[in-house]
file start02.pdb (PDB, C-alpha atoms)
MODEL        1
ATOM      1  CA  MET A 161       2.084  -4.932  12.436
ATOM      2  CA  ASP A 162       3.645  -1.751  13.726
ATOM      3  CA  PHE A 163       7.141  -1.593  15.054
ATOM      4  CA  SER A 164       6.896   1.656  16.995
ATOM      5  CA  GLN A 165       6.860  -0.251  20.280
ATOM      6  CA  LEU A 166      10.297  -1.719  19.692
ATOM      7  CA  ASN A 167      13.420   0.213  20.566
ATOM      8  CA  SER A 168      16.078   0.901  17.940
ATOM      9  CA  ALA A 169      18.255  -2.140  18.735
ATOM     10  CA  GLU A 170      15.197  -4.374  18.388
ATOM     11  CA  GLN A 171      14.132  -2.607  15.204
ATOM     12  CA  ALA A 172      17.594  -3.128  13.705
ATOM     13  CA  GLN A 173      17.431  -6.817  14.527
ATOM     14  CA  MET A 174      13.927  -7.120  13.113
ATOM     15  CA  THR A 175      15.039  -5.415   9.908
ATOM     16  CA  LYS A 176      17.788  -7.989   9.452
ATOM     17  CA  ILE A 177      15.385 -10.831  10.168
ATOM     18  CA  ILE A 178      12.809  -9.449   7.747
ATOM     19  CA  GLU A 179      15.421  -9.110   5.002
ATOM     20  CA  LYS A 180      16.414 -12.727   5.464
ATOM     21  CA  LYS A 181      12.791 -13.853   5.340
ATOM     22  CA  GLN A 182      12.165 -11.831   2.203
ATOM     23  CA  MET A 183      15.113 -13.513   0.515
ATOM     24  CA  GLN A 184      13.845 -16.967   1.505
ATOM     25  CA  ASP A 185      10.359 -16.051   0.337
ATOM     26  CA  PHE A 186      11.675 -14.917  -3.015
ATOM     27  CA  LEU A 187      13.548 -18.189  -3.546
ATOM     28  CA  ARG A 188      10.470 -20.154  -2.577
ATOM     29  CA  LEU A 189       8.376 -18.108  -5.001
ATOM     30  CA  TYR A 190      10.858 -18.777  -7.794
ATOM     31  CA  SER A 191      11.002 -22.529  -7.360
ATOM     32  CA  GLY A 192       7.257 -22.768  -6.813
ATOM     33  CA  LEU A 193       6.640 -20.836  -9.991
ATOM     34  CA  VAL A 194       8.980 -23.033 -12.021
ATOM     35  CA  GLU A 195       7.203 -26.160 -10.820
ATOM     36  CA  ARG A 196       3.747 -24.696 -11.379
ATOM     37  CA  CYS A 197       4.457 -23.546 -14.928
ATOM     38  CA  PHE A 198       6.228 -26.770 -15.805
ATOM     39  CA  ASN A 199       3.315 -28.863 -14.560
ATOM     40  CA  SER A 200       0.729 -26.814 -16.454
ATOM     41  CA  CYS A 201       2.565 -26.231 -19.706
ATOM     42  CA  CYS A 202       4.969 -29.057 -20.448
ATOM     43  CA  ASN A 203       3.159 -32.249 -21.278
ATOM     44  CA  ASP A 204       4.740 -33.335 -24.538
ATOM     45  CA  PHE A 205       7.925 -35.341 -24.163
ATOM     46  CA  THR A 206       8.442 -36.405 -27.761
ATOM     47  CA  SER A 207      11.249 -33.864 -27.865
ATOM     48  CA  LYS A 208      13.952 -32.629 -25.503
ATOM     49  CA  ALA A 209      13.596 -28.982 -26.490
ATOM     50  CA  LEU A 210      10.721 -26.712 -25.476
ATOM     51  CA  SER A 211       8.314 -26.181 -28.332
ATOM     52  CA  SER A 212       7.397 -22.583 -29.082
ATOM     53  CA  LYS A 213       3.882 -23.258 -27.814
ATOM     54  CA  GLU A 214       5.228 -24.540 -24.506
ATOM     55  CA  GLU A 215       7.624 -21.631 -24.239
ATOM     56  CA  GLN A 216       4.845 -19.106 -24.817
ATOM     57  CA  CYS A 217       2.710 -20.928 -22.250
ATOM     58  CA  VAL A 218       5.502 -20.758 -19.676
ATOM     59  CA  MET A 219       6.011 -17.032 -20.321
ATOM     60  CA  ASN A 220       2.298 -16.389 -19.934
ATOM     61  CA  CYS A 221       2.142 -18.565 -16.828
ATOM     62  CA  ALA A 222       4.987 -16.719 -15.110
ATOM     63  CA  ASP A 223       3.596 -13.329 -16.133
ATOM     64  CA  LYS A 224       0.116 -14.138 -14.972
ATOM     65  CA  PHE A 225       1.221 -15.584 -11.658
ATOM     66  CA  LEU A 226       3.356 -12.567 -10.816
ATOM     67  CA  LYS A 227       0.504 -10.187 -11.686
ATOM     68  CA  HIS A 228      -1.872 -12.337  -9.662
ATOM     69  CA  SER A 229       0.486 -12.302  -6.695
ATOM     70  CA  GLU A 230       0.809  -8.528  -6.942
ATOM     71  CA  ARG A 231      -2.945  -8.048  -7.006
ATOM     72  CA  VAL A 232      -3.476 -10.382  -4.072
ATOM     73  CA  GLY A 233      -0.825  -8.386  -2.212
ATOM     74  CA  GLN A 234      -2.694  -5.142  -2.817
ATOM     75  CA  ARG A 235      -6.051  -6.515  -1.650
ATOM     76  CA  PHE A 236      -4.360  -8.289   1.256
ATOM     77  CA  ALA A 237      -2.740  -5.072   2.477
ATOM     78  CA  GLU A 238      -6.083  -3.233   2.306
ATOM     79  CA  LEU A 239      -8.023  -5.927   4.130
ATOM     80  CA  ASN A 240      -5.274  -6.580   6.654
ATOM     81  CA  ALA A 241      -5.168  -2.888   7.551
ATOM     82  CA  ASP A 242      -8.957  -2.954   8.048
ATOM     83  CA  ALA A 243      -8.808  -6.102  10.137
ATOM     84  CA  MET A 244      -6.083  -4.729  12.402
ATOM     85  CA  GLY A 245      -8.261  -1.697  12.973
ATOM     86  CA  PRO A 246      -7.288   1.938  12.962
ATOM     87  CA  LYS A 247      -4.130   2.754  14.885
ATOM     88  CA  PRO A 248      -4.626   4.392  18.308
TER      89      PRO A 248
ATOM     90  CA  MET B 448      -4.416  -9.089  16.074
ATOM     91  CA  SER B 449      -1.030  -7.547  16.721
ATOM     92  CA  PHE B 450       1.267  -9.049  19.262
ATOM     93  CA  LEU B 451       3.720  -6.221  19.094
ATOM     94  CA  GLY B 452       3.820  -3.784  21.958
ATOM     95  CA  ARG B 453       3.244  -6.430  24.582
ATOM     96  CA  GLY B 454       5.771  -8.542  26.411
ATOM     97  CA  GLY B 455       7.527  -6.456  29.024
ATOM     98  CA  PRO B 456       9.987  -3.590  28.782
ATOM     99  CA  SER B 457      13.336  -4.010  27.090
ATOM    100  CA  PRO B 458      16.643  -3.393  28.854
ATOM    101  CA  ALA B 459      17.905   0.104  28.107
ATOM    102  CA  GLY B 460      19.327   0.088  24.578
ATOM    103  CA  GLY B 461      19.203  -3.702  24.628
ATOM    104  CA  VAL B 462      17.068  -6.330  23.016
ATOM    105  CA  ASN B 463      14.031  -7.928  24.596
ATOM    106  CA  HIS B 464      14.071 -11.417  23.154
ATOM    107  CA  GLU B 465      10.510 -12.195  24.087
ATOM    108  CA  ARG B 466       9.219  -9.291  22.022
ATOM    109  CA  ILE B 467      11.448 -10.212  19.116
ATOM    110  CA  GLU B 468      10.082 -13.759  19.269
ATOM    111  CA  MET B 469       6.517 -12.520  19.240
ATOM    112  CA  ALA B 470       7.218 -10.178  16.329
ATOM    113  CA  ILE B 471       8.790 -13.048  14.391
ATOM    114  CA  ASN B 472       5.781 -15.256  15.098
ATOM    115  CA  GLU B 473       3.444 -12.577  13.875
ATOM    116  CA  ILE B 474       5.428 -12.083  10.680
ATOM    117  CA  ASP B 475       5.502 -15.836  10.046
ATOM    118  CA  MET B 476       1.767 -16.082  10.595
ATOM    119  CA  VAL B 477       0.931 -13.216   8.261
ATOM    120  CA  SER B 478       3.202 -14.422   5.496
ATOM    121  CA  ASP B 479       1.833 -17.965   5.824
ATOM    122  CA  VAL B 480      -1.715 -16.660   5.367
ATOM    123  CA  PHE B 481      -0.592 -14.585   2.397
ATOM    124  CA  ASN B 482       1.037 -17.562   0.672
ATOM    125  CA  ARG B 483      -2.059 -19.670   1.225
ATOM    126  CA  ILE B 484      -4.269 -16.975  -0.257
ATOM    127  CA  VAL B 485      -2.043 -16.662  -3.321
ATOM    128  CA  SER B 486      -2.125 -20.405  -3.834
ATOM    129  CA  SER B 487      -5.854 -20.926  -3.228
ATOM    130  CA  CYS B 488      -7.048 -17.955  -5.250
ATOM    131  CA  HIS B 489      -4.773 -18.910  -8.128
ATOM    132  CA  ALA B 490      -6.306 -22.397  -8.179
ATOM    133  CA  LYS B 491      -9.835 -21.004  -8.018
ATOM    134  CA  CYS B 492      -9.647 -18.000 -10.310
ATOM    135  CA  ILE B 493      -7.028 -18.614 -12.971
ATOM    136  CA  SER B 494      -7.446 -21.288 -15.587
ATOM    137  CA  PRO B 495      -4.276 -23.183 -16.456
ATOM    138  CA  ARG B 496      -4.623 -22.542 -20.180
ATOM    139  CA  TYR B 497      -2.425 -19.404 -20.018
ATOM    140  CA  ALA B 498      -3.583 -17.975 -23.308
ATOM    141  CA  GLU B 499      -2.070 -14.598 -22.443
ATOM    142  CA  GLY B 500       0.205 -13.007 -19.876
ATOM    143  CA  ASP B 501      -2.164 -10.430 -18.430
ATOM    144  CA  LEU B 502      -5.029 -10.864 -16.013
ATOM    145  CA  ASN B 503      -8.352 -10.332 -17.742
ATOM    146  CA  LYS B 504     -11.210  -8.460 -16.071
ATOM    147  CA  GLY B 505     -12.962 -11.625 -14.906
ATOM    148  CA  GLU B 506      -9.849 -12.966 -13.231
ATOM    149  CA  SER B 507      -9.134  -9.627 -11.566
ATOM    150  CA  VAL B 508     -12.620  -9.420 -10.096
ATOM    151  CA  CYS B 509     -12.437 -13.052  -9.039
ATOM    152  CA  ILE B 510      -9.165 -12.414  -7.197
ATOM    153  CA  ASP B 511     -10.610  -9.413  -5.328
ATOM    154  CA  ARG B 512     -13.600 -11.414  -4.179
ATOM    155  CA  CYS B 513     -11.492 -14.464  -3.375
ATOM    156  CA  VAL B 514      -9.203 -12.504  -1.045
ATOM    157  CA  ALA B 515     -12.187 -10.874   0.670
ATOM    158  CA  LYS B 516     -13.901 -14.222   1.198
ATOM    159  CA  PHE B 517     -10.717 -15.797   2.502
ATOM    160  CA  PHE B 518     -10.480 -13.098   5.158
ATOM    161  CA  GLU B 519     -14.113 -13.648   6.086
ATOM    162  CA  VAL B 520     -13.538 -17.366   6.469
ATOM    163  CA  ASN B 521     -10.385 -16.671   8.462
ATOM    164  CA  LYS B 522     -12.362 -14.479  10.848
ATOM    165  CA  LYS B 523     -15.238 -16.914  11.256
ATOM    166  CA  VAL B 524     -12.978 -19.900  11.849
ATOM    167  CA  GLY B 525     -11.022 -17.837  14.371
ATOM    168  CA  GLU B 526     -14.205 -16.977  16.240
ATOM    169  CA  LYS B 527     -15.298 -20.610  16.170
ATOM    170  CA  MET B 528     -11.962 -21.822  17.541
ATOM    171  CA  GLN B 529     -12.094 -19.185  20.251
ATOM    172  CA  SER B 530     -15.549 -20.237  21.380
ATOM    173  CA  ALA B 531     -14.581 -23.906  21.143
ATOM    174  CA  GLY B 532     -11.519 -23.194  23.257
ATOM    175  CA  ALA B 533     -13.547 -21.207  25.772
ATOM    176  CA  SER B 534     -16.201 -23.908  26.144
ATOM    177  CA  ALA B 535     -13.547 -26.622  26.395
ATOM    178  CA  GLN B 536     -11.920 -24.662  29.207
ATOM    179  CA  ALA B 537     -15.287 -24.337  30.974
ATOM    180  CA  THR B 538     -16.083 -28.044  30.835
ATOM    181  CA  GLY B 539     -12.480 -28.946  31.624
ATOM    182  CA  SER B 540     -12.066 -31.198  28.607
ATOM    183  CA  THR B 541     -10.548 -30.865  25.185
ATOM    184  CA  SER B 542     -11.888 -32.219  21.929
ATOM    185  CA  PHE B 543      -8.482 -33.375  20.769
ATOM    186  CA  SER B 544      -5.444 -34.608  22.535
ATOM    187  CA  LEU B 545      -2.064 -35.699  21.269
TER     188      LEU B 545
ENDMDL
END
call {"tool": "encode", "arguments": {"input": "start02.pdb", "output": "structure tokens"}}
result
Amino acid sequence: MDFSQLNSAEQAQMTKIIEKKQMQDFLRLYSGLVERCFNSCCNDFTSKALSSKEEQCVMNCADKFLKHSERVGQRFAELNADAMGPKP
Amino acid sequence: MSFLGRGGPSPAGGVNHERIEMAINEIDMVSDVFNRIVSSCHAKCISPRYAEGDLNKGESVCIDRCVAKFFEVNKKVGEKMQSAGASAQATGSTSFSL
């Protein structure tokens, strides 16, 4: 995905578009993570408040998912670069 | 599989909308694949017990292999679809129609 073929007006537009997509992606990540951690960790509804066990579980869940996502990103970038092939 | 660089010259200092469209499509495609990989490999490699906040060694190795396999599958399915498309074109029929 190289942008050297686009002129500067196109690059400026692409930068704006990419920023907007990154923002949308971030919001999607956030709400997805909330749902995921809630579904895995919160199964006891005898009380309104989060128990300390549930809270710890949610913290671990969020932590783990973000680290997982980061690692996938690293591997993805490596393999994607290989798949695209060396630049001419 | 980069679509950038094709799609006609741009007007001087102006914006070639076709190329912008193709760049946007490529970005959407890549980020869709990325999100699917994150989701699938999380389901396959990480147990939902969440005993701690860090990835242990087993999970890390699993993630590396999962991403590599996903790319392999992606490539093979792509090749299959290409050959299916090519043979469908040759026989003049398609295997699915809307």
call {"tool": "interface_residues", "arguments": {"input": "start02.pdb", "of": "chain A", "to": "chain B", "cutoff": "9 Å", "atoms": "only C-alpha atoms", "output": "PDB file with C-alpha atoms, keeping the file's coordinate frame"}}
result
ATOM      1  CA  MET A 161       2.084  -4.932  12.436  1.00  0.00           C
ATOM      2  CA  ASP A 162       3.645  -1.751  13.726  1.00  0.00           C
ATOM      3  CA  PHE A 163       7.141  -1.593  15.054  1.00  0.00           C
ATOM      4  CA  SER A 164       6.896   1.656  16.995  1.00  0.00           C
ATOM      5  CA  GLN A 165       6.860  -0.251  20.280  1.00  0.00           C
ATOM      6  CA  LEU A 166      10.297  -1.719  19.692  1.00  0.00           C
ATOM      7  CA  ASN A 167      13.420   0.213  20.566  1.00  0.00           C
ATOM      8  CA  SER A 168      16.078   0.901  17.940  1.00  0.00           C
ATOM      9  CA  ALA A 169      18.255  -2.140  18.735  1.00  0.00           C
ATOM     10  CA  GLU A 170      15.197  -4.374  18.388  1.00  0.00           C
ATOM     11  CA  GLN A 171      14.132  -2.607  15.204  1.00  0.00           C
ATOM     12  CA  GLN A 173      17.431  -6.817  14.527  1.00  0.00           C
ATOM     13  CA  MET A 174      13.927  -7.120  13.113  1.00  0.00           C
ATOM     14  CA  ILE A 177      15.385 -10.831  10.168  1.00  0.00           C
ATOM     15  CA  ILE A 178      12.809  -9.449   7.747  1.00  0.00           C
ATOM     16  CA  LYS A 181      12.791 -13.853   5.340  1.00  0.00           C
ATOM     17  CA  ASP A 185      10.359 -16.051   0.337  1.00  0.00           C
ATOM     18  CA  CYS A 197       4.457 -23.546 -14.928  1.00  0.00           C
ATOM     19  CA  SER A 200       0.729 -26.814 -16.454  1.00  0.00           C
ATOM     20  CA  CYS A 201       2.565 -26.231 -19.706  1.00  0.00           C
ATOM     21  CA  GLN A 216       4.845 -19.106 -24.817  1.00  0.00           C
ATOM     22  CA  CYS A 217       2.710 -20.928 -22.250  1.00  0.00           C
ATOM     23  CA  VAL A 218       5.502 -20.758 -19.676  1.00  0.00           C
ATOM     24  CA  MET A 219       6.011 -17.032 -20.321  1.00  0.00           C
ATOM     25  CA  ASN A 220       2.298 -16.389 -19.934  1.00  0.00           C
ATOM     26  CA  CYS A 221       2.142 -18.565 -16.828  1.00  0.00           C
ATOM     27  CA  ALA A 222       4.987 -16.719 -15.110  1.00  0.00           C
ATOM     28  CA  ASP A 223       3.596 -13.329 -16.133  1.00  0.00           C
ATOM     29  CA  LYS A 224       0.116 -14.138 -14.972  1.00  0.00           C
ATOM     30  CA  PHE A 225       1.221 -15.584 -11.658  1.00  0.00           C
ATOM     31  CA  LYS A 227       0.504 -10.187 -11.686  1.00  0.00           C
ATOM     32  CA  HIS A 228      -1.872 -12.337  -9.662  1.00  0.00           C
ATOM     33  CA  SER A 229       0.486 -12.302  -6.695  1.00  0.00           C
ATOM     34  CA  ARG A 231      -2.945  -8.048  -7.006  1.00  0.00           C
ATOM     35  CA  VAL A 232      -3.476 -10.382  -4.072  1.00  0.00           C
ATOM     36  CA  GLY A 233      -0.825  -8.386  -2.212  1.00  0.00           C
ATOM     37  CA  ARG A 235      -6.051  -6.515  -1.650  1.00  0.00           C
ATOM     38  CA  PHE A 236      -4.360  -8.289   1.256  1.00  0.00           C
ATOM     39  CA  LEU A 239      -8.023  -5.927   4.130  1.00  0.00           C
ATOM     40  CA  ASN A 240      -5.274  -6.580   6.654  1.00  0.00           C
ATOM     41  CA  ALA A 243      -8.808  -6.102  10.137  1.00  0.00           C
ATOM     42  CA  MET A 244      -6.083  -4.729  12.402  1.00  0.00           C
ATOM     43  CA  GLY A 245      -8.261  -1.697  12.973  1.00  0.00           C
TER      44      GLY A 245
END
call {"tool": "atom_distance", "arguments": {"input": "start02.pdb", "atom1": "CA of Gly192 (chain A)", "atom2": "CA of Ala209 (chain A)"}}
result
21.6 Å
call {"tool": "atom_distance", "arguments": {"input": "start02.pdb", "atom1": "CA of Ser191 (chain A)", "atom2": "CA of Lys516 (chain B)"}}
result
27.6 Å
call {"tool": "axis_aligned_box", "arguments": {"input": "start02.pdb", "around": "region 224-236 of chain A", "padding_each_side": "8 Å", "output": "JSON"}}
result
{"center_x": -1.3, "center_y": -10.4, "center_z": -6.9, "size_x": 25.4, "size_y": 26.4, "size_z": 32.2}
call {"tool": "atom_distance", "arguments": {"input": "start02.pdb", "atom1": "CA of Ala535 (chain B)", "atom2": "CA of Glu465 (chain B)"}}
result
28.1 Å
